[in-house]
file structure_14.cif (mmCIF, C-alpha atoms)
data_target
loop_
_atom_site.label_atom_id
_atom_site.label_comp_id
_atom_site.auth_asym_id
_atom_site.auth_seq_id
_atom_site.Cartn_x
_atom_site.Cartn_y
_atom_site.Cartn_z
CA MET V 1 95.09 73.23 113.09
CA GLU V 2 94.59 75.75 115.89
CA ALA V 3 91.17 77.40 116.14
CA TYR V 4 91.20 81.01 115.02
CA GLN V 5 91.21 83.47 117.92
CA PRO V 6 90.01 86.99 117.10
CA PRO V 7 92.16 89.79 118.53
CA CYS V 8 91.28 90.30 122.21
CA ASP V 9 92.73 90.69 125.71
CA ILE V 10 90.41 89.18 128.34
CA ASP V 11 92.79 90.13 131.17
CA ALA V 12 92.62 93.83 130.25
CA GLU V 13 88.82 93.65 130.05
CA SER V 14 88.63 91.97 133.48
CA ALA V 15 91.05 94.46 135.02
CA LEU V 16 89.09 97.45 133.72
CA LEU V 17 85.72 96.14 134.92
CA GLY V 18 87.18 95.18 138.29
CA THR V 19 88.47 98.73 138.78
CA LEU V 20 85.10 100.24 137.86
CA LEU V 21 83.23 97.90 140.22
CA LEU V 22 85.52 98.38 143.22
CA SER V 23 86.36 102.11 143.07
CA PHE V 24 83.97 103.76 140.64
CA LYS V 25 84.47 107.40 139.68
CA ARG V 26 82.46 109.31 137.09
CA SER V 27 85.65 110.89 135.72
CA THR V 28 87.13 107.41 135.22
CA LEU V 29 84.14 106.26 133.20
CA ASP V 30 84.21 109.46 131.13
CA LEU V 31 87.80 108.62 130.18
CA VAL V 32 86.82 105.06 129.26
CA GLU V 33 83.84 106.18 127.17
CA ARG V 34 86.06 108.40 125.03
CA TYR V 35 87.43 105.24 123.46
CA ILE V 36 85.10 102.31 123.95
CA GLY V 37 81.52 101.20 124.43
CA SER V 38 80.04 97.89 125.55
CA GLU V 39 80.33 96.50 122.01
CA ASP V 40 84.13 96.89 122.17
CA PHE V 41 84.49 94.18 124.82
CA TYR V 42 85.16 90.76 123.27
CA LYS V 43 83.70 88.58 126.03
CA PRO V 44 79.86 88.69 126.01
CA ALA V 45 79.75 88.62 129.83
CA HIS V 46 81.89 91.76 129.91
CA GLN V 47 79.59 93.48 127.40
CA HIS V 48 76.62 92.80 129.71
CA ILE V 49 78.48 94.05 132.80
CA PHE V 50 79.61 97.30 131.16
CA SER V 51 76.08 97.90 129.80
CA ALA V 52 74.70 97.35 133.32
CA ILE V 53 77.10 99.99 134.69
CA LEU V 54 75.91 102.51 132.10
CA SER V 55 72.28 101.64 132.80
CA ILE V 56 72.72 102.26 136.52
CA LEU V 57 74.24 105.67 135.86
CA GLU V 58 71.39 106.62 133.52
CA LYS V 59 68.98 105.89 136.39
CA GLY V 60 71.04 108.05 138.75
CA GLY V 61 72.29 105.16 140.90
CA ASN V 62 75.67 104.26 142.40
CA VAL V 63 77.95 101.63 140.90
CA ASP V 64 79.32 98.71 142.91
CA THR V 65 79.19 94.93 142.81
CA ILE V 66 75.78 94.72 144.51
CA THR V 67 74.04 97.31 142.32
CA VAL V 68 75.52 95.85 139.12
CA ALA V 69 74.37 92.35 140.16
CA ASP V 70 70.89 93.69 140.80
CA GLU V 71 70.80 95.46 137.41
CA LEU V 72 71.97 92.30 135.64
CA ARG V 73 69.27 90.33 137.47
CA THR V 74 66.68 92.85 136.26
CA GLN V 75 67.92 92.36 132.70
CA ASP V 76 67.84 88.55 133.17
CA ALA V 77 71.57 88.47 132.46
CA LEU V 78 73.14 87.71 135.86
CA ASP V 79 73.42 83.96 135.27
CA ARG V 80 74.78 84.56 131.76
CA VAL V 81 77.76 86.51 133.12
CA GLY V 82 78.60 83.87 135.73
CA GLY V 83 76.54 85.21 138.63
CA ILE V 84 77.63 87.19 141.68
CA VAL V 85 80.61 84.82 141.96
CA TYR V 86 82.11 86.13 138.71
CA LEU V 87 81.57 89.77 139.74
CA ALA V 88 83.40 89.02 142.99
CA GLN V 89 86.23 87.46 140.99
CA LEU V 90 86.64 90.66 138.98
CA THR V 91 87.14 92.66 142.20
CA SER V 92 89.26 90.10 144.06
CA SER V 93 92.61 91.60 143.03
CA PRO V 94 91.86 94.88 141.28
CA PRO V 95 94.73 96.83 139.72
CA SER V 96 95.41 100.51 140.32
CA THR V 97 93.05 103.11 138.85
CA ALA V 98 96.17 104.74 137.41
CA HIS V 99 96.22 102.01 134.76
CA VAL V 100 92.64 102.52 133.57
CA GLU V 101 93.60 104.46 130.44
CA GLN V 102 96.16 101.80 129.50
CA TYR V 103 93.56 99.00 129.86
CA THR V 104 91.07 101.03 127.86
CA ARG V 105 93.51 101.57 125.02
CA ILE V 106 94.35 97.85 124.93
CA ILE V 107 90.64 96.98 124.64
CA TYR V 108 90.13 99.64 121.98
CA GLU V 109 93.15 98.42 119.99
CA HIS V 110 91.84 94.86 119.88
CA ALA V 111 88.31 95.98 119.05
CA LEU V 112 89.77 98.03 116.20
CA ARG V 113 91.61 95.00 114.88
CA ARG V 114 88.44 92.89 115.03
CA ARG V 115 86.58 95.52 113.01
CA LEU V 116 89.34 95.54 110.40
CA VAL V 117 89.13 91.74 110.20
CA ASP V 118 85.35 92.01 109.77
CA ILE V 119 85.72 94.64 107.04
CA GLY V 120 88.28 92.44 105.30
CA ASP V 121 85.87 89.51 105.37
CA VAL V 122 83.08 91.66 103.93
CA ILE V 123 85.36 93.02 101.19
CA ARG V 124 86.41 89.51 100.23
CA SER V 125 82.81 88.29 100.15
CA GLU V 126 81.55 91.25 98.11
CA ALA V 127 84.52 91.16 95.74
CA LEU V 128 83.52 87.62 94.81
CA ASP V 129 79.93 88.74 94.16
CA LYS V 130 79.87 89.60 90.46
CA SER V 131 76.51 91.38 90.78
CA LYS V 132 78.21 94.29 92.57
CA SER V 133 80.47 96.81 90.84
CA ALA V 134 84.09 97.06 91.97
CA GLU V 135 83.69 100.84 92.40
CA SER V 136 80.76 100.50 94.82
CA ILE V 137 82.63 97.87 96.84
CA LEU V 138 85.71 100.10 97.01
CA GLU V 139 83.76 103.15 98.14
CA LYS V 140 81.94 101.18 100.85
CA ALA V 141 85.27 99.79 102.07
CA GLU V 142 86.83 103.26 102.16
CA GLN V 143 83.82 104.64 104.01
CA ASP V 144 84.00 101.88 106.64
CA ILE V 145 87.75 102.28 107.12
CA PHE V 146 87.43 106.08 107.30
CA ALA V 147 84.80 105.74 110.03
CA ILE V 148 87.16 103.52 112.03
CA ASN V 149 90.07 105.91 111.44
CA GLN V 150 88.00 108.79 112.81
CA HIS V 151 87.27 106.75 115.98
CA GLN V 152 83.55 107.09 115.36
CA ARG V 153 81.31 104.76 117.34
CA THR V 154 77.89 105.13 115.76
CA SER V 155 74.67 104.60 117.64
CA ALA V 156 71.13 104.21 116.46
CA TYR V 157 69.91 106.78 118.98
CA HIS V 158 71.02 109.35 121.54
CA ASP V 159 69.20 109.89 124.80
CA SER V 160 68.37 113.38 126.03
CA ARG V 161 70.62 113.15 129.09
CA ALA V 162 73.72 112.52 127.02
CA LEU V 163 72.76 115.17 124.48
CA ILE V 164 72.06 117.88 127.06
CA LYS V 165 75.47 117.23 128.65
CA GLN V 166 77.12 117.60 125.26
CA ALA V 167 75.13 120.74 124.51
CA MET V 168 76.15 122.39 127.80
CA VAL V 169 79.81 121.50 127.22
CA VAL V 170 79.62 123.10 123.74
CA LEU V 171 78.03 126.25 125.18
CA GLU V 172 80.66 126.50 127.92
CA GLN V 173 83.42 126.14 125.33
CA ARG V 174 81.85 128.84 123.19
CA LYS V 175 81.54 131.11 126.22
CA LYS V 176 85.24 130.71 127.05
CA SER V 177 86.36 130.99 123.43
CA LYS V 178 87.48 134.33 122.04
CA ASN V 179 86.01 133.45 118.64
CA LEU V 180 83.04 135.53 117.60
CA TYR V 181 81.65 132.76 115.40
CA THR V 182 80.79 129.11 115.94
CA GLY V 183 82.03 128.18 112.44
CA ILE V 184 84.99 129.02 110.20
CA PRO V 185 85.00 132.74 109.34
CA THR V 186 84.97 133.66 105.65
CA GLU V 187 86.25 137.12 106.68
CA PHE V 188 83.35 138.72 104.83
CA LEU V 189 82.03 140.45 107.94
CA ASP V 190 78.37 140.85 106.98
CA LEU V 191 78.18 137.27 105.73
CA ASP V 192 79.85 135.89 108.85
CA ASN V 193 77.39 137.82 111.02
CA LEU V 194 74.53 136.03 109.25
CA LEU V 195 76.12 132.56 109.11
CA SER V 196 78.31 132.75 112.22
CA GLY V 197 80.95 131.32 109.87
CA LEU V 198 80.85 128.16 107.75
CA GLN V 199 79.40 125.43 109.96
CA ASP V 200 80.68 121.86 110.23
CA SER V 201 78.63 119.12 108.52
CA GLU V 202 76.66 121.65 106.43
CA MET V 203 76.16 121.62 102.68
CA ILE V 204 76.46 125.21 101.43
CA VAL V 205 75.35 126.04 97.89
CA ILE V 206 76.47 129.14 95.96
CA GLY V 207 74.31 129.59 92.87
CA ALA V 208 74.59 132.04 89.98
CA ARG V 209 74.31 132.34 86.22
CA PRO V 210 77.57 131.85 84.22
CA SER V 211 80.21 134.61 84.40
CA VAL V 212 78.77 136.23 87.52
CA GLY V 213 81.74 135.06 89.60
CA LYS V 214 80.95 131.85 91.50
CA THR V 215 84.53 130.57 91.21
CA ALA V 216 85.90 134.01 92.11
CA LEU V 217 83.83 134.05 95.31
CA ALA V 218 84.94 130.52 96.21
CA LEU V 219 88.60 131.44 95.63
CA SER V 220 88.20 134.63 97.65
CA MET V 221 86.90 132.49 100.51
CA VAL V 222 89.85 130.10 100.08
CA ASP V 223 92.24 133.05 100.20
CA ASN V 224 90.64 134.39 103.38
CA ILE V 225 90.41 130.98 105.08
CA ALA V 226 93.55 129.12 103.96
CA THR V 227 96.04 131.91 103.29
CA ARG V 228 95.10 134.40 106.00
CA GLN V 229 93.96 131.98 108.72
CA GLY V 230 96.05 128.92 107.82
CA ILE V 231 93.00 126.63 107.82
CA PRO V 232 93.42 123.68 105.39
CA CYS V 233 91.02 123.76 102.41
CA GLY V 234 90.31 121.22 99.69
CA PHE V 235 89.09 122.27 96.24
CA PHE V 236 87.61 120.16 93.45
CA SER V 237 88.02 122.17 90.25
CA LEU V 238 86.03 120.27 87.65
CA GLU V 239 86.01 123.04 85.04
CA MET V 240 89.34 124.81 85.42
CA PRO V 241 92.86 123.28 85.53
CA ALA V 242 94.62 123.59 88.87
CA ILE V 243 97.36 125.83 87.43
CA HIS V 244 94.76 128.36 86.19
CA LEU V 245 93.23 128.34 89.66
CA MET V 246 96.61 129.16 91.21
CA LEU V 247 97.28 131.95 88.69
CA ARG V 248 93.99 133.55 89.68
CA LEU V 249 94.91 133.29 93.34
CA LEU V 250 98.30 134.87 92.61
CA ALA V 251 96.67 137.81 90.81
CA SER V 252 94.16 138.21 93.64
CA GLN V 253 96.80 138.05 96.38
CA ALA V 254 99.27 140.36 94.63
CA ARG V 255 96.54 142.79 93.47
CA ILE V 256 97.81 142.55 89.90
CA ASN V 257 95.55 142.77 86.86
CA SER V 258 95.03 139.12 85.88
CA LYS V 259 95.43 140.10 82.20
CA LYS V 260 99.08 140.87 82.88
CA LEU V 261 99.73 137.30 83.98
CA ARG V 262 98.97 136.27 80.41
CA ASN V 263 101.72 138.61 79.23
CA PRO V 264 104.16 139.08 82.14
CA SER V 265 106.41 141.34 80.03
CA LEU V 266 103.87 144.12 80.77
CA MET V 267 104.44 143.87 84.51
CA THR V 268 106.41 146.54 86.36
CA ALA V 269 109.20 145.88 88.84
CA ASN V 270 106.81 146.69 91.72
CA GLU V 271 104.28 144.22 90.38
CA TRP V 272 106.93 141.51 90.14
CA GLY V 273 107.83 142.23 93.76
CA ALA V 274 104.18 141.96 94.79
CA LEU V 275 103.90 138.72 92.82
CA ASP V 276 106.96 137.23 94.55
CA SER V 277 105.52 138.12 97.97
CA ALA V 278 102.15 136.59 97.05
CA ALA V 279 103.88 133.44 95.81
CA GLU V 280 105.72 133.08 99.14
CA ARG V 281 102.45 133.37 101.07
CA LEU V 282 100.62 130.91 98.81
CA TYR V 283 103.56 128.49 98.95
CA GLU V 284 102.87 128.03 102.66
CA THR V 285 99.09 127.92 102.24
CA PRO V 286 97.38 124.59 103.14
CA PHE V 287 95.39 124.41 99.89
CA PHE V 288 94.85 121.15 98.00
CA VAL V 289 93.34 120.94 94.51
CA ASP V 290 91.92 118.03 92.52
CA ASP V 291 91.22 119.11 88.93
CA THR V 292 89.90 115.82 87.53
CA PRO V 293 87.36 116.89 84.86
CA ASN V 294 83.86 115.40 85.09
CA ILE V 295 84.90 113.45 88.15
CA ARG V 296 82.73 110.52 89.16
CA LEU V 297 80.79 110.87 92.39
CA THR V 298 82.41 107.79 93.92
CA ASP V 299 85.90 109.10 93.09
CA LEU V 300 85.11 112.53 94.53
CA ARG V 301 83.95 111.03 97.81
CA SER V 302 87.01 108.78 98.01
CA GLN V 303 89.43 111.62 97.29
CA ALA V 304 87.67 113.86 99.84
CA ARG V 305 88.19 111.21 102.51
CA ARG V 306 91.88 110.99 101.58
CA LEU V 307 92.25 114.78 101.84
CA LYS V 308 90.61 114.70 105.27
CA THR V 309 92.79 111.85 106.50
CA ALA V 310 96.09 113.09 105.02
CA HIS V 311 95.73 116.87 105.46
CA ASP V 312 92.83 117.29 107.92
CA ILE V 313 91.01 119.72 105.62
CA LYS V 314 88.45 121.85 107.47
CA VAL V 315 86.50 123.12 104.42
CA LEU V 316 85.82 121.53 101.03
CA PHE V 317 84.89 123.47 97.87
CA ILE V 318 83.40 121.85 94.75
CA ASP V 319 83.25 123.76 91.44
CA TYR V 320 80.70 122.77 90.27
CA LEU V 321 77.76 120.42 90.90
CA GLY V 322 76.65 119.97 87.29
CA LEU V 323 80.01 118.49 86.25
CA ILE V 324 79.94 115.57 88.70
CA THR V 325 79.03 112.31 86.99
CA VAL V 326 77.35 109.21 88.43
CA ASP V 327 77.92 105.58 87.50
CA ASN V 328 74.34 105.03 86.35
CA GLN V 329 73.94 107.25 83.29
CA THR V 330 70.67 105.59 82.24
CA VAL V 331 68.46 107.37 84.79
CA PRO V 332 67.07 110.86 84.00
CA ARG V 333 69.35 113.83 84.54
CA TYR V 334 67.31 115.21 87.47
CA GLU V 335 67.64 111.86 89.26
CA GLN V 336 71.40 111.89 88.70
CA MET V 337 71.69 115.38 90.19
CA ALA V 338 69.45 114.41 93.10
CA MET V 339 71.80 111.51 93.76
CA VAL V 340 74.80 113.86 93.69
CA SER V 341 73.08 116.35 96.00
CA ARG V 342 72.18 113.71 98.60
CA SER V 343 75.67 112.25 98.44
CA ILE V 344 77.38 115.63 98.96
CA LYS V 345 75.16 116.31 101.96
CA ALA V 346 76.06 112.89 103.38
CA LEU V 347 79.76 113.60 102.73
CA ALA V 348 79.59 116.84 104.74
CA ARG V 349 78.14 114.95 107.68
CA GLU V 350 80.60 112.08 107.34
CA LEU V 351 83.68 114.33 107.25
CA GLU V 352 82.14 116.77 109.76
CA ILE V 353 83.26 119.79 107.73
CA PRO V 354 81.42 122.44 105.69
CA VAL V 355 81.17 121.52 102.01
CA VAL V 356 80.68 124.51 99.70
CA ILE V 357 79.38 123.50 96.28
CA LEU V 358 78.80 125.83 93.33
CA SER V 359 75.73 125.45 91.15
CA GLN V 360 74.38 126.92 87.92
CA LEU V 361 70.97 128.58 87.82
CA ARG V 362 68.26 128.18 85.19
CA ARG V 363 68.44 130.40 82.10
CA ASP V 364 65.23 132.19 83.00
CA ALA V 365 67.01 133.50 86.12
CA ASP V 366 68.80 136.03 83.89
CA GLY V 367 67.88 139.63 84.65
CA LYS V 368 66.02 138.98 87.91
CA GLU V 369 66.85 138.25 91.50
CA PRO V 370 67.16 134.45 91.75
CA THR V 371 65.04 132.34 94.07
CA LEU V 372 65.34 128.77 95.32
CA ALA V 373 63.18 127.66 92.39
CA ASP V 374 65.96 128.76 90.01
CA LEU V 375 68.39 126.07 91.15
CA ARG V 376 69.10 124.07 88.04
CA GLU V 377 68.20 120.47 87.19
CA THR V 378 66.70 119.24 90.49
CA GLY V 379 64.74 120.40 93.51
CA ALA V 380 66.81 118.07 95.68
CA ILE V 381 69.53 120.73 96.03
CA GLU V 382 67.08 123.10 97.71
CA GLN V 383 65.95 120.32 100.02
CA ASP V 384 69.38 118.92 100.92
CA ALA V 385 71.30 122.19 101.32
CA ASP V 386 71.66 123.75 104.76
CA VAL V 387 72.59 127.12 103.24
CA VAL V 388 71.80 128.50 99.78
CA MET V 389 73.34 131.77 98.53
CA PHE V 390 72.89 133.51 95.18
CA LEU V 391 75.12 136.04 93.43
CA HIS V 392 73.14 138.72 91.58
CA ARG V 393 73.82 142.05 89.86
CA ASP V 394 71.11 144.57 89.15
CA HIS V 395 72.94 145.88 86.08
CA ARG V 396 75.97 145.11 83.95
CA PRO V 397 78.86 147.61 84.16
CA GLU V 398 79.84 149.59 81.08
CA ASN V 399 83.54 149.24 81.88
CA GLN V 400 84.65 145.72 82.81
CA ASP V 401 87.52 147.14 84.88
CA ASP V 402 85.12 148.94 87.21
CA VAL V 403 84.33 147.55 90.63
CA ILE V 404 80.96 145.82 90.37
CA GLU V 405 78.53 145.99 93.26
CA THR V 406 77.05 142.51 93.66
CA LYS V 407 74.38 141.14 95.95
CA LEU V 408 75.02 137.92 97.83
CA ILE V 409 71.49 136.79 98.63
CA LEU V 410 71.27 134.37 101.54
CA ALA V 411 68.01 132.69 100.49
CA LYS V 412 68.06 129.73 102.86
CA GLN V 413 69.74 128.98 106.16
CA ARG V 414 68.40 125.98 108.00
CA ASN V 415 69.68 127.12 111.39
CA GLY V 416 69.76 130.90 111.09
CA PRO V 417 68.48 134.09 109.47
CA VAL V 418 68.39 134.99 105.79
CA GLY V 419 69.33 138.33 104.25
CA VAL V 420 71.36 140.18 101.64
CA VAL V 421 75.07 141.00 101.79
CA LYS V 422 76.53 143.64 99.48
CA MET V 423 79.82 142.60 97.90
CA ALA V 424 82.41 144.34 95.74
CA PHE V 425 83.63 142.30 92.77
CA VAL V 426 86.98 143.52 91.43
CA PRO V 427 87.19 142.03 87.90
CA LYS V 428 90.85 142.83 87.24
CA TYR V 429 91.83 140.81 90.33
CA ALA V 430 88.96 138.28 89.92
CA ARG V 431 88.29 138.87 93.60
CA TYR V 432 85.37 139.56 95.92
CA GLU V 433 85.59 141.81 98.94
CA GLY V 434 83.06 143.17 101.40
CA LEU V 435 81.67 146.39 99.92
CA ASP V 436 82.33 148.50 103.03
CA ALA V 437 85.80 147.02 103.44
CA TYR V 438 86.64 147.77 99.81
CA HIS V 439 85.58 151.43 100.12
CA ASP V 440 87.56 151.74 103.35
#

call {"tool": "encode", "arguments": {"input": "structure_14.cif", "output": "structure tokens"}}
result
Amino acid sequence: MEAYQPPCDIDAESALLGTLLLSFKRSTLDLVERYIGSEDFYKPAHQHIFSAILSILEKGGNVDTITVADELRTQDALDRVGGIVYLAQLTSSPPSTAHVEQYTRIIYEHALRRRLVDIGDVIRSEALDKSKSAESILEKAEQDIFAINQHQRTSAYHDSRALIKQAMVVLEQRKKSKNLYTGIPTEFLDLDNLLSGLQDSEMIVIGARPSVGKTALALSMVDNIATRQGIPCGFFSLEMPAIHLMLRLLASQARINSKKLRNPSLMTANEWGALDSAAERLYETPFFVDDTPNIRLTDLRSQARRLKTAHDIKVLFIDYLGLITVDNQTVPRYEQMAMVSRSIKALARELEIPVVILSQLRRDADGKEPTLADLRETGAIEQDADVVMFLHRDHRPENQDDVIETKLILAKQRNGPVGVVKMAFVPKYARYEGLDAYHD
């Protein structure tokens, strides 16, 4: 029986290193580092050589056979790679620099296959371990595969030189960009001015007492982001069926009293025309809904990864936190909610998108402006969230068809200011608008 050979291409590795040693250019290495690191080389000697090249650059030196040999000697690794003789071999017949990207992709492809083999081995081993639940094994497998699919090479640390380069590139891009905000605009002007849009990797909490309009605000954001801007949004509707969600969006888009959608015979010809136009717009809207009631945390995370992979969603909404269930129902409720909160925060970072999650407030928050202490069931939400907003009304309207002035209180923003935004809630359309924009 032949010995198993993991996926690799030693010739491509040798050709790439030979090119870097003989005719090094910073731009060439930047291209290589987009795809691979030293751990992606199969041959240990090649891992050491590539690491030595990076180490020389970090010290501000020049890369060639002599300097790499000296760096390897300093690291007590020169003999392990085959000495100066092996470095000379790599440069003896170097290929053209025009082929660098092709060599890099070959190395990356084989490294990817090795990782998949490793994940498969781990899955097999854990699946045979009866002490672990099948659900936890599945989620871990999905998480590992998603990380590979996103081409993420994780590192235990980042040095300041690399980070400052990244920071300056980001600032230059922002300077050249015509966008006013660093995140995704909600199109509520005053809110966007405070948040600079919804930021990637942030957990954003919208809290309110029941019937104040948390879902309406979330859907108004979806309408502004997905329908008007064409930015893909995912939505977990744990309380309301997906069809009810779409009916509310139709009423909001068409500016038709939502009561009439319960009895369409009351609608006028003009309203039917407006409804048809709204339906055409929403038909093309990149909006994806999962309405599994009381969804388990592991299932939510798995489905969110699928939405990201299949539809590249840029924002995720969850309505609402208290309806997410965990596998271990024996621990106290506050511990379950703390687990959910931490997991949602981790999900935002993993997917690198803003995750907006709705949350109920304590009963004693009725009749007063809410504070962070009013977040229901656990203090972990306050701790984990990057942004916390509260909906609050100073008084209840006498006529439910009247426009209701509502405060959106930005009580916490980890990376920016706090403040209050005045909103107009239009009950008959179940829609929020900026107060000034509504009056205009």

call {"tool": "closest_residue", "arguments": {"input": "structure_14.cif", "among": "V:Val222, V:His110, V:Arg228, V:Asp129", "to": "Leu249 (chain V)", "atoms": "only C-alpha atoms"}}
result
V:Val222

call {"tool": "atom_distance", "arguments": {"input": "structure_14.cif", "atom1": "CA of Arg248 (chain V)", "atom2": "CA of Arg209 (chain V)"}}
result
20.0 Å

call {"tool": "residues_near_point", "arguments": {"input": "structure_14.cif", "point": "(78.0, 97.0, 136.3)", "cutoff": "8 Å", "atoms": "only C-alpha atoms", "output": "list in words"}}
result
Leu17, Leu20, Leu21, His48, Ile49, Phe50, Ser51, Ala52, Ile53, Leu54, Ile56, Val63, Asp64, Thr65, Thr67, Val68, Ala69, Glu71 and Leu72 of chain V

call {"tool": "closest_residue", "arguments": {"input": "structure_14.cif", "among": "V:Met389, V:Leu217, V:Val418, V:Met423", "to": "Leu189 (chain V)", "atoms": "all atoms listed in the file"}}
result
V:Met423

call {"tool": "closest_residue", "arguments": {"input": "structure_14.cif", "among": "V:Leu410, V:Cys8, V:Trp272, V:Ala424", "to": "Arg114 (chain V)", "atoms": "all atoms listed in the file"}}
result
V:Cys8

call {"tool": "closest_residue", "arguments": {"input": "structure_14.cif", "among": "V:Glu13, V:Leu180, V:Asn62, V:Leu22", "to": "Gly197 (chain V)", "atoms": "only C-alpha atoms"}}
result
V:Leu180

call {"tool": "residues_near_point", "arguments": {"input": "structure_14.cif", "point": "(84.1, 136.2, 94.5)", "cutoff": "9 Å", "atoms": "only C-alpha atoms", "output": "list of chain:residue names"}}
result
V:Val212, V:Gly213, V:Lys214, V:Thr215, V:Ala216, V:Leu217, V:Ala218, V:Leu219, V:Ser220, V:Met221, V:Met423, V:Ala424, V:Phe425, V:Val426, V:Ala430, V:Arg431, V:Tyr432, V:Glu433

call {"tool": "write_last_selection", "arguments": {"input": "structure_14.cif", "atoms": "C-alpha atoms", "output": "mmCIF file, keeping the file's coordinate frame"}}
result
data_model
loop_
_atom_site.group_PDB
_atom_site.id
_atom_site.type_symbol
_atom_site.label_atom_id
_atom_site.label_comp_id
_atom_site.auth_asym_id
_atom_site.auth_seq_id
_atom_site.Cartn_x
_atom_site.Cartn_y
_atom_site.Cartn_z
ATOM 1 C CA VAL V 212 78.770 136.230 87.520
ATOM 2 C CA GLY V 213 81.740 135.060 89.600
ATOM 3 C CA LYS V 214 80.950 131.850 91.500
ATOM 4 C CA THR V 215 84.530 130.570 91.210
ATOM 5 C CA ALA V 216 85.900 134.010 92.110
ATOM 6 C CA LEU V 217 83.830 134.050 95.310
ATOM 7 C CA ALA V 218 84.940 130.520 96.210
ATOM 8 C CA LEU V 219 88.600 131.440 95.630
ATOM 9 C CA SER V 220 88.200 134.630 97.650
ATOM 10 C CA MET V 221 86.900 132.490 100.510
ATOM 11 C CA MET V 423 79.820 142.600 97.900
ATOM 12 C CA ALA V 424 82.410 144.340 95.740
ATOM 13 C CA PHE V 425 83.630 142.300 92.770
ATOM 14 C CA VAL V 426 86.980 143.520 91.430
ATOM 15 C CA ALA V 430 88.960 138.280 89.920
ATOM 16 C CA ARG V 431 88.290 138.870 93.600
ATOM 17 C CA TYR V 432 85.370 139.560 95.920
ATOM 18 C CA GLU V 433 85.590 141.810 98.940
#

call {"tool": "closest_residue", "arguments": {"input": "structure_14.cif", "among": "V:Gln383, V:Pro370, V:Leu435, V:Arg262", "to": "Arg342 (chain V)", "atoms": "all atoms listed in the file"}}
result
V:Gln383

call {"tool": "resolve_selection", "arguments": {"input": "structure_14.cif", "expression": "the PyMOL selection byres ((chain V and resi 15) around 9)", "output": "short mmCIF file (atom, residue, chain, number, x, y, z; two decimals) with C-alpha atoms, in the coordinates of the input"}}
result
data_model
loop_
_atom_site.label_atom_id
_atom_site.label_comp_id
_atom_site.auth_asym_id
_atom_site.auth_seq_id
_atom_site.Cartn_x
_atom_site.Cartn_y
_atom_site.Cartn_z
CA ILE V 10 90.41 89.18 128.34
CA ASP V 11 92.79 90.13 131.17
CA ALA V 12 92.62 93.83 130.25
CA GLU V 13 88.82 93.65 130.05
CA SER V 14 88.63 91.97 133.48
CA LEU V 16 89.09 97.45 133.72
CA LEU V 17 85.72 96.14 134.92
CA GLY V 18 87.18 95.18 138.29
CA THR V 19 88.47 98.73 138.78
CA LEU V 20 85.10 100.24 137.86
CA LEU V 90 86.64 90.66 138.98
CA THR V 91 87.14 92.66 142.20
CA SER V 93 92.61 91.60 143.03
CA PRO V 94 91.86 94.88 141.28
CA PRO V 95 94.73 96.83 139.72
CA VAL V 100 92.64 102.52 133.57
CA TYR V 103 93.56 99.00 129.86
#

call {"tool": "atom_distance", "arguments": {"input": "structure_14.cif", "atom1": "CA of Gln360 (chain V)", "atom2": "CA of Ile381 (chain V)"}}
result
11.3 Å

call {"tool": "atom_distance", "arguments": {"input": "structure_14.cif", "atom1": "CA of Val403 (chain V)", "atom2": "CA of Asn193 (chain V)"}}
result
23.6 Å

call {"tool": "resolve_selection", "arguments": {"input": "structure_14.cif", "expression": "the PyMOL selection byres ((chain V and resi 326) around 9)", "output": "PyMOL selection string"}}
result
chain V and resi 295-298+324-325+327-329+336-337+339-340

call {"tool": "write_last_selection", "arguments": {"input": "structure_14.cif", "atoms": "C-alpha atoms", "output": "mmCIF file, in the frame of the given file"}}
result
data_model
loop_
_atom_site.group_PDB
_atom_site.id
_atom_site.type_symbol
_atom_site.label_atom_id
_atom_site.label_comp_id
_atom_site.auth_asym_id
_atom_site.auth_seq_id
_atom_site.Cartn_x
_atom_site.Cartn_y
_atom_site.Cartn_z
ATOM 1 C CA ILE V 295 84.900 113.450 88.150
ATOM 2 C CA ARG V 296 82.730 110.520 89.160
ATOM 3 C CA LEU V 297 80.790 110.870 92.390
ATOM 4 C CA THR V 298 82.410 107.790 93.920
ATOM 5 C CA ILE V 324 79.940 115.570 88.700
ATOM 6 C CA THR V 325 79.030 112.310 86.990
ATOM 7 C CA ASP V 327 77.920 105.580 87.500
ATOM 8 C CA ASN V 328 74.340 105.030 86.350
ATOM 9 C CA GLN V 329 73.940 107.250 83.290
ATOM 10 C CA GLN V 336 71.400 111.890 88.700
ATOM 11 C CA MET V 337 71.690 115.380 90.190
ATOM 12 C CA MET V 339 71.800 111.510 93.760
ATOM 13 C CA VAL V 340 74.800 113.860 93.690
#

call {"tool": "residues_around", "arguments": {"input": "structure_14.cif", "residues": "His392 (chain V)", "least_positions_apart": "3", "cutoff": "7 Å", "atoms": "all atoms listed in the file", "output": "VMD selection string"}}
result
chain V and resid 369 406 to 408

call {"tool": "closest_residue", "arguments": {"input": "structure_14.cif", "among": "V:Leu238, V:Pro427, V:Glu202, V:Met267", "to": "Val355 (chain V)", "atoms": "only C-alpha atoms"}}
result
V:Glu202

call {"tool": "resolve_selection", "arguments": {"input": "structure_14.cif", "expression": "the PyMOL selection byres ((chain V and resi 196) around 8)", "output": "list of chain:residue names"}}
result
V:Leu180, V:Tyr181, V:Thr182, V:Gly183, V:Ile184, V:Pro185, V:Leu191, V:Asp192, V:Asn193, V:Leu194, V:Leu195, V:Gly197, V:Leu198, V:Gln199
